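Colleague: Have a peek at data.cif (mmCIF, C-alpha atoms and all ligand atoms).
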```
data_start
#
loop_
_atom_site.label_atom_id
_atom_site.label_comp_id
_atom_site.auth_asym_id
_atom_site.auth_seq_id
_atom_site.Cartn_x
_atom_site.Cartn_y
_atom_site.Cartn_z
CA MET A 298 -166.53 -37.17 -69.94
CA LYS A 299 -166.37 -37.53 -73.70
CA GLY A 300 -165.31 -40.83 -75.15
CA PHE A 301 -166.19 -44.01 -76.98
CA ARG A 302 -167.62 -47.12 -75.48
CA VAL A 303 -168.84 -50.47 -76.75
CA SER A 304 -172.15 -51.73 -75.36
CA GLY A 305 -172.89 -54.27 -78.11
CA HIS A 306 -170.62 -55.86 -80.71
CA GLY A 307 -170.62 -54.81 -84.36
CA GLY A 308 -168.79 -52.80 -87.00
CA PRO A 309 -167.40 -49.28 -86.65
CA GLU A 310 -170.89 -48.10 -85.59
CA ALA A 311 -170.50 -50.18 -82.41
CA LEU A 312 -168.13 -47.50 -81.15
CA GLU A 313 -170.57 -45.15 -79.40
CA TRP A 314 -169.41 -41.58 -78.93
CA GLY A 315 -170.98 -39.95 -75.91
CA ASP A 316 -170.78 -38.25 -72.57
CA TRP A 317 -170.12 -40.89 -69.91
CA PRO A 318 -169.82 -40.59 -66.12
CA GLU A 319 -166.35 -39.56 -64.99
CA PRO A 320 -164.60 -42.43 -63.19
CA VAL A 321 -163.73 -41.67 -59.57
CA PRO A 322 -160.37 -42.89 -58.21
CA GLY A 323 -160.89 -45.15 -55.20
CA PRO A 324 -158.32 -45.88 -52.47
CA GLY A 325 -154.90 -46.49 -54.01
CA GLU A 326 -156.05 -45.38 -57.45
CA VAL A 327 -155.12 -42.56 -59.79
CA ARG A 328 -157.15 -40.73 -62.42
CA VAL A 329 -155.14 -39.98 -65.53
CA ARG A 330 -156.10 -37.37 -68.12
CA VAL A 331 -155.59 -39.24 -71.39
CA ARG A 332 -153.41 -37.42 -73.90
CA ALA A 333 -152.70 -40.34 -76.22
CA CYS A 334 -154.05 -43.88 -76.54
CA ALA A 335 -152.56 -46.45 -78.91
CA LEU A 336 -154.68 -48.97 -80.80
CA ASN A 337 -154.33 -52.73 -80.64
CA HIS A 338 -156.05 -55.60 -82.43
CA LEU A 339 -157.70 -56.28 -79.08
CA ASP A 340 -159.75 -53.12 -79.69
CA LEU A 341 -161.16 -54.71 -82.86
CA TRP A 342 -161.93 -57.96 -81.07
CA LEU A 343 -163.76 -56.01 -78.36
CA ARG A 344 -165.74 -54.10 -80.98
CA ASN A 345 -166.46 -57.08 -83.27
CA GLY A 346 -166.90 -59.67 -80.53
CA VAL A 347 -165.05 -62.98 -80.25
CA PRO A 348 -167.05 -66.23 -80.43
CA GLY A 349 -167.13 -67.91 -77.04
CA HIS A 350 -165.65 -64.91 -75.21
CA ARG A 351 -167.59 -62.47 -73.05
CA PHE A 352 -166.35 -58.94 -72.58
CA PRO A 353 -167.75 -57.04 -69.57
CA LEU A 354 -169.85 -54.61 -71.64
CA PRO A 355 -170.33 -51.72 -71.71
CA LEU A 356 -166.62 -51.07 -71.89
CA ILE A 357 -164.35 -48.23 -73.01
CA PRO A 358 -161.65 -49.64 -75.34
CA GLY A 359 -157.96 -48.71 -75.32
CA SER A 360 -155.09 -50.48 -73.55
CA GLU A 361 -152.13 -48.15 -73.99
CA VAL A 362 -152.36 -44.72 -72.43
CA ALA A 363 -150.03 -41.81 -71.84
CA GLY A 364 -151.28 -38.66 -70.12
CA ASP A 365 -151.08 -36.59 -66.96
CA VAL A 366 -151.96 -37.40 -63.38
CA GLU A 367 -155.28 -35.57 -62.92
CA SER A 368 -156.32 -36.60 -59.40
CA THR A 369 -155.52 -39.26 -56.85
CA GLY A 370 -157.64 -41.42 -54.56
CA PRO A 371 -157.20 -41.86 -50.80
CA GLY A 372 -153.79 -43.19 -49.81
CA VAL A 373 -151.90 -42.01 -52.89
CA ASP A 374 -149.52 -39.27 -51.78
CA ASP A 375 -146.43 -39.69 -53.94
CA LEU A 376 -147.67 -38.29 -57.25
CA ALA A 377 -148.01 -34.66 -58.22
CA ILE A 378 -151.10 -33.43 -60.02
CA GLY A 379 -150.21 -32.70 -63.63
CA GLU A 380 -147.25 -35.09 -63.70
CA PRO A 381 -146.86 -36.67 -67.15
CA CYS A 382 -147.17 -40.45 -66.99
CA LEU A 383 -147.29 -43.71 -68.84
CA VAL A 384 -149.94 -46.24 -67.80
CA ALA A 385 -149.02 -49.93 -67.54
CA PRO A 386 -151.76 -51.75 -69.45
CA GLY A 387 -152.11 -54.82 -67.20
CA VAL A 388 -153.90 -54.64 -63.87
CA ALA A 389 -153.31 -57.38 -61.27
CA CYS A 390 -154.46 -57.94 -57.68
CA GLY A 391 -151.07 -56.97 -56.23
CA HIS A 392 -151.07 -59.45 -53.33
CA CYS A 393 -151.34 -63.06 -54.58
CA ASP A 394 -148.36 -65.46 -54.89
CA SER A 395 -147.73 -64.48 -58.53
CA CYS A 396 -147.96 -60.75 -57.86
CA THR A 397 -145.65 -60.86 -54.85
CA ALA A 398 -143.18 -62.99 -56.85
CA GLY A 399 -142.98 -60.21 -59.43
CA GLU A 400 -145.01 -62.14 -62.00
CA ASP A 401 -148.14 -60.02 -61.93
CA HIS A 402 -148.95 -61.02 -65.53
CA LEU A 403 -149.63 -64.55 -64.20
CA CYS A 404 -152.07 -63.25 -61.54
CA ALA A 405 -155.41 -65.07 -61.71
CA ARG A 406 -157.11 -61.66 -61.64
CA TYR A 407 -154.89 -60.11 -64.30
CA GLY A 408 -156.75 -58.01 -66.85
CA LEU A 409 -156.06 -55.34 -69.43
CA LEU A 410 -157.40 -51.84 -69.77
CA GLY A 411 -159.87 -51.99 -72.61
CA GLU A 412 -160.54 -55.68 -72.11
CA HIS A 413 -161.46 -56.26 -68.47
CA ARG A 414 -161.89 -52.67 -67.34
CA ASP A 415 -162.38 -49.27 -68.96
CA GLY A 416 -159.53 -48.10 -71.15
CA GLY A 417 -158.30 -44.94 -72.80
CA TYR A 418 -160.67 -44.03 -75.67
CA SER A 419 -161.90 -41.23 -73.38
CA GLU A 420 -160.88 -38.17 -71.42
CA PHE A 421 -159.96 -40.03 -68.23
CA VAL A 422 -158.92 -43.48 -67.09
CA VAL A 423 -158.60 -44.74 -63.52
CA VAL A 424 -155.89 -47.25 -62.61
CA PRO A 425 -154.09 -48.53 -59.50
CA ARG A 426 -151.14 -46.38 -58.38
CA ARG A 427 -148.62 -49.11 -59.27
CA ASN A 428 -149.73 -48.90 -62.91
CA VAL A 429 -148.65 -45.26 -63.16
CA LEU A 430 -145.07 -44.97 -64.45
CA GLN A 431 -143.05 -41.87 -65.16
CA ILE A 432 -143.24 -41.03 -68.84
CA PRO A 433 -139.92 -42.00 -70.50
CA ARG A 434 -137.77 -38.89 -70.87
CA GLY A 435 -137.48 -37.65 -74.42
CA LEU A 436 -140.65 -39.36 -75.66
CA SER A 437 -143.84 -37.54 -76.65
CA TYR A 438 -147.15 -38.70 -75.20
CA VAL A 439 -147.91 -40.33 -78.55
CA GLN A 440 -144.61 -42.23 -78.59
CA ALA A 441 -145.02 -43.24 -74.96
CA ALA A 442 -148.51 -44.62 -75.64
CA ALA A 443 -147.16 -46.60 -78.60
CA GLY A 444 -144.64 -48.44 -76.47
CA PRO A 445 -145.74 -50.38 -73.43
CA LEU A 446 -147.90 -53.25 -74.63
CA VAL A 447 -145.96 -54.25 -77.71
CA PHE A 448 -142.49 -53.88 -76.17
CA LEU A 449 -143.53 -55.68 -73.00
CA THR A 450 -145.05 -58.50 -75.04
CA ALA A 451 -142.06 -58.79 -77.37
CA TRP A 452 -139.51 -58.56 -74.54
CA HIS A 453 -141.18 -61.28 -72.52
CA MET A 454 -141.45 -63.49 -75.62
CA LEU A 455 -137.80 -63.24 -76.65
CA ALA A 456 -135.86 -62.57 -73.48
CA VAL A 457 -137.86 -64.65 -71.01
CA ARG A 458 -139.96 -67.30 -72.75
CA ALA A 459 -137.78 -68.16 -75.76
CA GLY A 460 -134.54 -67.30 -73.95
CA LEU A 461 -132.93 -65.80 -77.05
CA ARG A 462 -129.17 -65.81 -76.57
CA ARG A 463 -126.33 -63.84 -78.10
CA ASN A 464 -125.37 -65.01 -81.60
CA GLU A 465 -128.56 -67.02 -82.11
CA ASP A 466 -130.64 -66.60 -85.26
CA VAL A 467 -134.24 -65.44 -85.07
CA LEU A 468 -137.16 -65.18 -87.47
CA ILE A 469 -139.70 -62.40 -86.81
CA GLN A 470 -143.03 -62.99 -88.55
CA ALA A 471 -145.26 -60.14 -89.75
CA ALA A 472 -142.65 -57.44 -89.23
CA GLY A 473 -145.10 -54.64 -90.00
CA SER A 474 -147.05 -55.14 -86.79
CA GLY A 475 -146.35 -53.16 -83.65
CA VAL A 476 -145.25 -56.19 -81.67
CA SER A 477 -142.89 -57.36 -84.41
CA SER A 478 -141.35 -53.91 -84.88
CA ALA A 479 -140.55 -54.13 -81.16
CA GLY A 480 -139.36 -57.74 -81.58
CA ILE A 481 -136.76 -56.78 -84.19
CA GLN A 482 -135.31 -54.09 -81.92
CA ILE A 483 -135.24 -56.42 -78.91
CA ALA A 484 -133.61 -59.26 -80.91
CA HIS A 485 -130.97 -56.77 -81.98
CA GLU A 486 -130.41 -55.60 -78.39
CA LEU A 487 -130.14 -59.21 -77.15
CA GLY A 488 -127.33 -59.79 -79.63
CA ALA A 489 -129.05 -61.98 -82.21
CA ARG A 490 -126.71 -62.88 -85.05
CA ARG A 491 -129.13 -62.93 -87.96
CA ILE A 492 -132.60 -61.38 -87.75
CA PHE A 493 -134.93 -62.64 -90.47
CA ALA A 494 -138.18 -60.77 -90.98
CA THR A 495 -141.27 -61.40 -93.12
CA ALA A 496 -143.76 -58.81 -94.34
CA GLY A 497 -146.20 -58.28 -97.19
CA SER A 498 -144.80 -55.16 -98.86
CA ALA A 499 -141.47 -53.73 -99.97
CA ALA A 500 -142.00 -50.63 -97.80
CA LYS A 501 -142.51 -52.75 -94.67
CA LEU A 502 -139.44 -54.84 -95.48
CA GLU A 503 -137.36 -51.69 -95.85
CA ALA A 504 -138.65 -50.41 -92.50
CA ALA A 505 -137.78 -53.78 -90.92
CA ARG A 506 -134.23 -53.44 -92.22
CA GLU A 507 -133.92 -49.98 -90.73
CA LEU A 508 -134.84 -51.42 -87.33
CA GLY A 509 -132.16 -54.09 -87.54
CA ALA A 510 -133.46 -57.00 -89.65
CA THR A 511 -130.57 -58.53 -91.60
CA HIS A 512 -132.64 -60.66 -94.02
CA VAL A 513 -136.16 -59.86 -95.20
CA PHE A 514 -138.75 -61.89 -97.14
CA ASN A 515 -141.93 -60.79 -98.83
CA TYR A 516 -144.21 -63.64 -97.80
CA ARG A 517 -146.48 -63.02 -100.78
CA GLU A 518 -143.64 -63.77 -103.19
CA GLU A 519 -140.99 -65.77 -101.37
CA ASP A 520 -140.81 -69.01 -99.40
CA PHE A 521 -139.36 -67.91 -96.07
CA VAL A 522 -138.47 -71.50 -95.07
CA ARG A 523 -136.26 -71.87 -98.10
CA GLY A 524 -134.79 -68.38 -97.58
CA VAL A 525 -133.93 -69.11 -93.94
CA LYS A 526 -132.41 -72.49 -94.78
CA GLU A 527 -130.29 -71.05 -97.58
CA ALA A 528 -128.95 -68.26 -95.42
CA THR A 529 -128.14 -70.59 -92.50
CA GLY A 530 -126.49 -73.37 -94.51
CA GLY A 531 -129.53 -75.62 -94.09
CA ARG A 532 -129.60 -75.30 -90.30
CA GLY A 533 -132.61 -73.06 -89.66
CA VAL A 534 -133.19 -70.45 -86.95
CA ASP A 535 -133.02 -70.88 -83.18
CA VAL A 536 -136.16 -68.88 -82.46
CA VAL A 537 -139.31 -68.04 -84.40
CA PHE A 538 -141.29 -65.07 -83.08
CA ASP A 539 -144.88 -65.48 -84.17
CA HIS A 540 -148.37 -64.11 -83.74
CA VAL A 541 -149.75 -65.07 -87.13
CA GLY A 542 -150.60 -68.57 -85.96
CA GLY A 543 -152.52 -71.11 -88.06
CA GLU A 544 -151.52 -69.95 -91.53
CA THR A 545 -147.75 -70.04 -91.00
CA PHE A 546 -147.30 -72.30 -87.97
CA GLU A 547 -146.31 -75.50 -89.77
CA ARG A 548 -143.81 -73.66 -91.97
CA SER A 549 -142.43 -71.80 -88.95
CA LEU A 550 -141.68 -75.20 -87.36
CA ARG A 551 -139.84 -76.24 -90.52
CA ALA A 552 -137.73 -73.07 -90.35
CA LEU A 553 -136.43 -74.04 -86.88
CA ALA A 554 -133.02 -75.55 -86.23
CA ARG A 555 -132.61 -78.51 -83.86
CA GLY A 556 -133.26 -77.32 -80.32
CA GLY A 557 -135.24 -74.39 -81.70
CA ARG A 558 -138.12 -72.59 -80.01
CA ILE A 559 -141.24 -71.04 -81.46
CA VAL A 560 -142.82 -68.42 -79.23
CA LEU A 561 -146.40 -67.31 -79.82
CA CYS A 562 -148.33 -64.34 -78.47
CA GLY A 563 -151.27 -64.48 -80.84
CA ALA A 564 -152.88 -66.20 -83.78
CA THR A 565 -154.28 -63.45 -85.99
CA SER A 566 -154.74 -65.77 -88.99
CA GLY A 567 -156.57 -68.41 -86.94
CA GLY A 568 -156.09 -70.60 -83.90
CA ASP A 569 -156.06 -74.02 -85.59
CA ALA A 570 -152.80 -75.47 -86.84
CA ARG A 571 -151.95 -78.86 -88.33
CA PHE A 572 -148.44 -80.20 -87.94
CA ASN A 573 -146.54 -83.43 -87.46
CA LEU A 574 -145.67 -84.07 -83.81
CA ARG A 575 -142.64 -86.13 -84.84
CA ALA A 576 -140.81 -82.94 -85.79
CA ILE A 577 -141.18 -81.74 -82.19
CA PHE A 578 -139.22 -84.61 -80.65
CA PHE A 579 -136.91 -85.48 -83.54
CA LYS A 580 -135.65 -81.90 -83.63
CA SER A 581 -136.05 -81.23 -79.88
CA LEU A 582 -138.32 -78.28 -80.53
CA SER A 583 -140.22 -76.19 -78.00
CA ILE A 584 -143.58 -74.53 -78.57
CA VAL A 585 -143.92 -71.70 -76.07
CA GLY A 586 -146.84 -69.41 -75.36
CA SER A 587 -146.53 -65.90 -73.98
CA THR A 588 -148.92 -63.17 -72.87
CA MET A 589 -147.78 -59.75 -71.71
CA GLY A 590 -144.97 -59.57 -69.11
CA SER A 591 -144.37 -58.24 -65.61
CA LEU A 592 -144.49 -54.67 -64.35
CA GLY A 593 -140.79 -55.00 -63.51
CA GLU A 594 -139.99 -55.86 -67.12
CA LEU A 595 -141.98 -52.83 -68.26
CA ARG A 596 -139.84 -50.61 -66.03
CA GLN A 597 -136.72 -52.02 -67.72
CA ILE A 598 -138.24 -51.25 -71.11
CA VAL A 599 -138.89 -47.66 -70.04
CA HIS A 600 -135.16 -47.38 -69.30
CA GLY A 601 -134.51 -48.76 -72.80
CA PHE A 602 -136.64 -45.97 -74.27
CA GLU A 603 -134.78 -43.35 -72.24
CA ARG A 604 -131.40 -44.68 -73.34
CA GLY A 605 -132.51 -44.68 -76.97
CA ILE A 606 -132.08 -48.45 -77.36
CA PHE A 607 -135.77 -48.94 -78.10
CA ARG A 608 -137.89 -46.69 -80.26
CA PRO A 609 -141.70 -46.89 -80.39
CA ILE A 610 -142.80 -46.83 -84.02
CA VAL A 611 -145.78 -44.56 -84.65
CA ALA A 612 -147.38 -45.13 -88.05
CA ALA A 613 -150.21 -42.58 -87.81
CA THR A 614 -152.20 -40.47 -85.38
CA PHE A 615 -155.93 -39.71 -85.38
CA PRO A 616 -157.89 -37.33 -83.14
CA LEU A 617 -159.83 -39.28 -80.51
CA GLU A 618 -163.16 -38.44 -82.20
CA GLU A 619 -161.96 -40.31 -85.30
CA ALA A 620 -161.40 -43.62 -83.52
CA PRO A 621 -163.71 -45.52 -85.93
CA ALA A 622 -161.55 -44.42 -88.89
CA ALA A 623 -158.40 -45.22 -86.92
CA GLN A 624 -159.69 -48.73 -86.28
CA GLU A 625 -160.41 -49.22 -89.97
CA ALA A 626 -156.84 -48.14 -90.71
CA LEU A 627 -155.61 -50.74 -88.21
CA ALA A 628 -157.80 -53.45 -89.76
CA SER A 629 -156.40 -52.68 -93.23
CA ARG A 630 -152.91 -53.76 -92.04
CA THR A 631 -151.26 -51.26 -94.36
CA HIS A 632 -149.31 -49.47 -91.62
CA PHE A 633 -145.87 -50.15 -90.21
CA GLY A 634 -146.02 -49.60 -86.47
CA LYS A 635 -148.67 -48.24 -84.17
CA ILE A 636 -151.77 -46.13 -84.73
CA VAL A 637 -152.39 -43.66 -81.90
CA LEU A 638 -155.42 -41.57 -80.88
CA THR A 639 -154.72 -38.08 -79.60
CA ALA A 640 -156.85 -36.03 -77.22
CA ASP A 641 -155.29 -32.72 -78.31
CA PRO A 642 -152.36 -31.47 -80.42
CA GLY A 643 -150.21 -31.35 -77.26
CA ALA A 644 -150.10 -35.15 -77.38
CA LEU A 645 -147.37 -34.88 -80.01
CA SER A 646 -145.17 -32.81 -77.71
CA VAL A 647 -142.42 -34.10 -75.47
CA PRO A 648 -143.33 -33.15 -71.88
CA ARG A 649 -140.73 -31.03 -70.12
CA PRO A 650 -139.04 -32.64 -67.13
CA PHE A 651 -141.56 -32.32 -64.34
CA ALA A 652 -140.63 -30.01 -61.48
CA GLY A 653 -139.12 -31.98 -58.65
CA GLU A 654 -138.30 -35.09 -60.59
CA ASP A 655 -134.74 -34.12 -61.52
CA ALA A 656 -133.26 -35.96 -58.56
CA ALA A 657 -134.89 -39.22 -59.73
ZN ZN B 701 -152.26 -61.23 -58.11
#
```
Could you take the file, read its structure, and then write that structure out as structure tokens?
Ligand SMILES: [Zn+2]
Modeller:
Amino acid sequence: MKGFRVSGHGGPEALEWGDWPEPVPGPGEVRVRVRACALNHLDLWLRNGVPGHRFPLPLIPGSEVAGDVESTGPGVDDLAIGEPCLVAPGVACGHCDSCTAGEDHLCARYGLLGEHRDGGYSEFVVVPRRNVLQIPRGLSYVQAAAGPLVFLTAWHMLAVRAGLRRNEDVLIQAAGSGVSSAGIQIAHELGARRIFATAGSAAKLEAARELGATHVFNYREEDFVRGVKEATGGRGVDVVFDHVGGETFERSLRALARGGRIVLCGATSGGDARFNLRAIFFKSLSIVGSTMGSLGELRQIVHGFERGIFRPIVAATFPLEEAPAAQEALASRTHFGKIVLTADPGALSVPRPFAGEDAA
């Protein structure tokens, strides 16, 4: 099958286009024909390499896939060939204590497509049956691919880990990113009172407003701590949603009200932060980490897409063969929302309801 893989780290040239062996679905597995695959910063880390981290190379990148069921392995008898589907990006063992408790993202063997096993920068991807979800009705393959990882991450951060409650105030950092564009929508859905958002351009701030942000700050020109304090009468926000990390962490803490929580799912500006521990106990603050979320939460998010509550934001599409250019576009951080690779022009279409699924 045609696709890209990474066998050694480097720049765009480390993405090797070629003809690779077709993966064969084993017992309980499904082979999906990839129609659309969304990009994530993880794809850049895989390509560039991360000091002290070993990826199982060679590896096909790509964590977020939408496509059609192409074939099934032994024991899978409840899917029709050709059925449009969304692939859950996280693969867990399915039988440990965490998995059976519905917290598969805490499974010791949890791994992502495109990080621990082959992903979607190719014609086919093979995943366990439980990772194959019905494509949300009304969404194109491209929109469906742009949804799962960022919405799952943002939902778990705000609803579960930070416990954002109705009428609380929240600050969403780096609103132009995929995960933050999901975070704004989720904060809105959870009933946040004021949604503050930071971004580096007027266009991104306008887009953040359209998604539901009530106050926006250009972090290149404005001090968001002062802005938050002014708007909240000196109190600060209840929750900071962050994946910028080192560069903004100390200021994010200062933007928190007493009893506030900062929830982190990444540290794109760097993993080292310097801050005064006294603020943590004087103000009763919580620093909370979060990675992904459960398969059950992802199913709830799919319902949110179908009901029109959540909208995946697609910034641009590139044909699969142009993945190196797509990655450079991602690295430039000039887009608002997700960049998606397409296998064919049909990826932009909304699949018709699949025969036999109407009773579902
Ligand atoms: Zn497990």
Colleague: Could you tell me, counting only C-alpha atoms and all ligand atoms, which protein and nucleic acid residues lie no more than 8 Å from ligand ZN 701 (chain B), written as a list in words?
Modeller: Ala389, Cys390, Gly391, His392, Cys393, Asp394, Ser395, Cys396, Thr397, Asp401, Leu403, Cys404, Ala405, Arg406 and Tyr407 of chain A
Colleague: To one decimal in Å, tell me the separation between CA of Ala443 (chain A) and CA of Thr639 (chain A).
Modeller: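 For CA of Ala443 (chain A) relative to CA of Thr639 (chain A), the distance reads 11.4 Å.
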Colleague: Go through A:Ile598, A:Leu312, A:Leu446, A:Val329 and flag the residue nearest Leu376 (chain A), using all atoms listed in the file for the distances.
Modeller: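 Result for the nearest residue to Leu376 (chain A): A:Val329.
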Colleague: Find the residues around Tyr516 (chain A) up to 6 Å (only C-alpha atoms counted), leave out those fewer than 6 positions away in its own chain, and share them as a tab-separated table (two decimals) with C-alpha atoms, in the frame of the given file.
Modeller:
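What follows is the written file out_16.tsv:
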```
chain	number	residue	atom	x	y	z
A	495	THR	CA	-141.27	-61.40	-93.12
A	496	ALA	CA	-143.76	-58.81	-94.34
A	497	GLY	CA	-146.20	-58.28	-97.19
```
Colleague: Using only C-alpha atoms for the distances, tell me which of A:Val447, A:Val467, A:Ile559, A:Ala644 is nearest to Arg330 (chain A).
Modeller: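 For Arg330 (chain A), the nearest of the candidates is A:Ala644.
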Colleague: From the list A:Ala472, A:Ala489, A:Arg575, A:His453, which residue is nearest His632 (chain A) when using all atoms listed in the file?
Modeller: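 Smallest distance to His632 (chain A) is found for A:Ala472.
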Colleague: Nearest to Gly475 (chain A): which of A:Ala626, A:Leu455, A:Ala552, A:Ala612 is it, counting all atoms listed in the file?
Modeller: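 Looking at the shortest contact to Gly475 (chain A), the residue is A:Ala612.
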Colleague: State, in Å with one decimal place, the distance from CA of Gly300 (chain A) to CA of Ser437 (chain A).
Modeller: 21.8 Å
Colleague: With a distance cut-off of 9 Å and all atoms listed in the file, select the neighbouring residues of Pro320 (chain A), excluding the residue or stretch itself and same-chain residues fewer than 3 positions from it, and output the selection as a list in words.
Modeller: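 In the requested form, the answer reads Met298, Trp317, Arg328, Phe421, Val422 and Val423 of chain A.
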Colleague: Write to file, as a short mmCIF file (atom, residue, chain, number, x, y, z; two decimals), in the coordinates of the input, the residues of the selection just made, with C-alpha atoms.
Modeller:
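Everything below was put into part36.cif:
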```cif
data_model
loop_
_atom_site.label_atom_id
_atom_site.label_comp_id
_atom_site.auth_asym_id
_atom_site.auth_seq_id
_atom_site.Cartn_x
_atom_site.Cartn_y
_atom_site.Cartn_z
CA MET A 298 -166.53 -37.17 -69.94
CA TRP A 317 -170.12 -40.89 -69.91
CA ARG A 328 -157.15 -40.73 -62.42
CA PHE A 421 -159.96 -40.03 -68.23
CA VAL A 422 -158.92 -43.48 -67.09
CA VAL A 423 -158.60 -44.74 -63.52
#
```
Colleague: What's the separation between CA of Cys382 (chain A) and CA of Ile481 (chain A), in Å to one decimal place?
Modeller: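 Going from CA of Cys382 (chain A) over to CA of Ile481 (chain A) covers 25.9 Å.
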Colleague: Find the smallest box with edges along x, y and z containing every listed atom of region 397-416 of chain A, then add 4 Å on each side and report centre and edge lengths in Å to one decimal, as JSON.
Modeller:
```
{"center_x": -152.7, "center_y": -56.6, "center_z": -63.7, "size_x": 27.4, "size_y": 25.0, "size_z": 25.8}
```
Colleague: Counting only C-alpha atoms, figure out which residue out of A:Ala640, A:Val611, A:Ala623, A:Leu553 gets nearest to Ser583 (chain A).
Modeller: A:Leu553
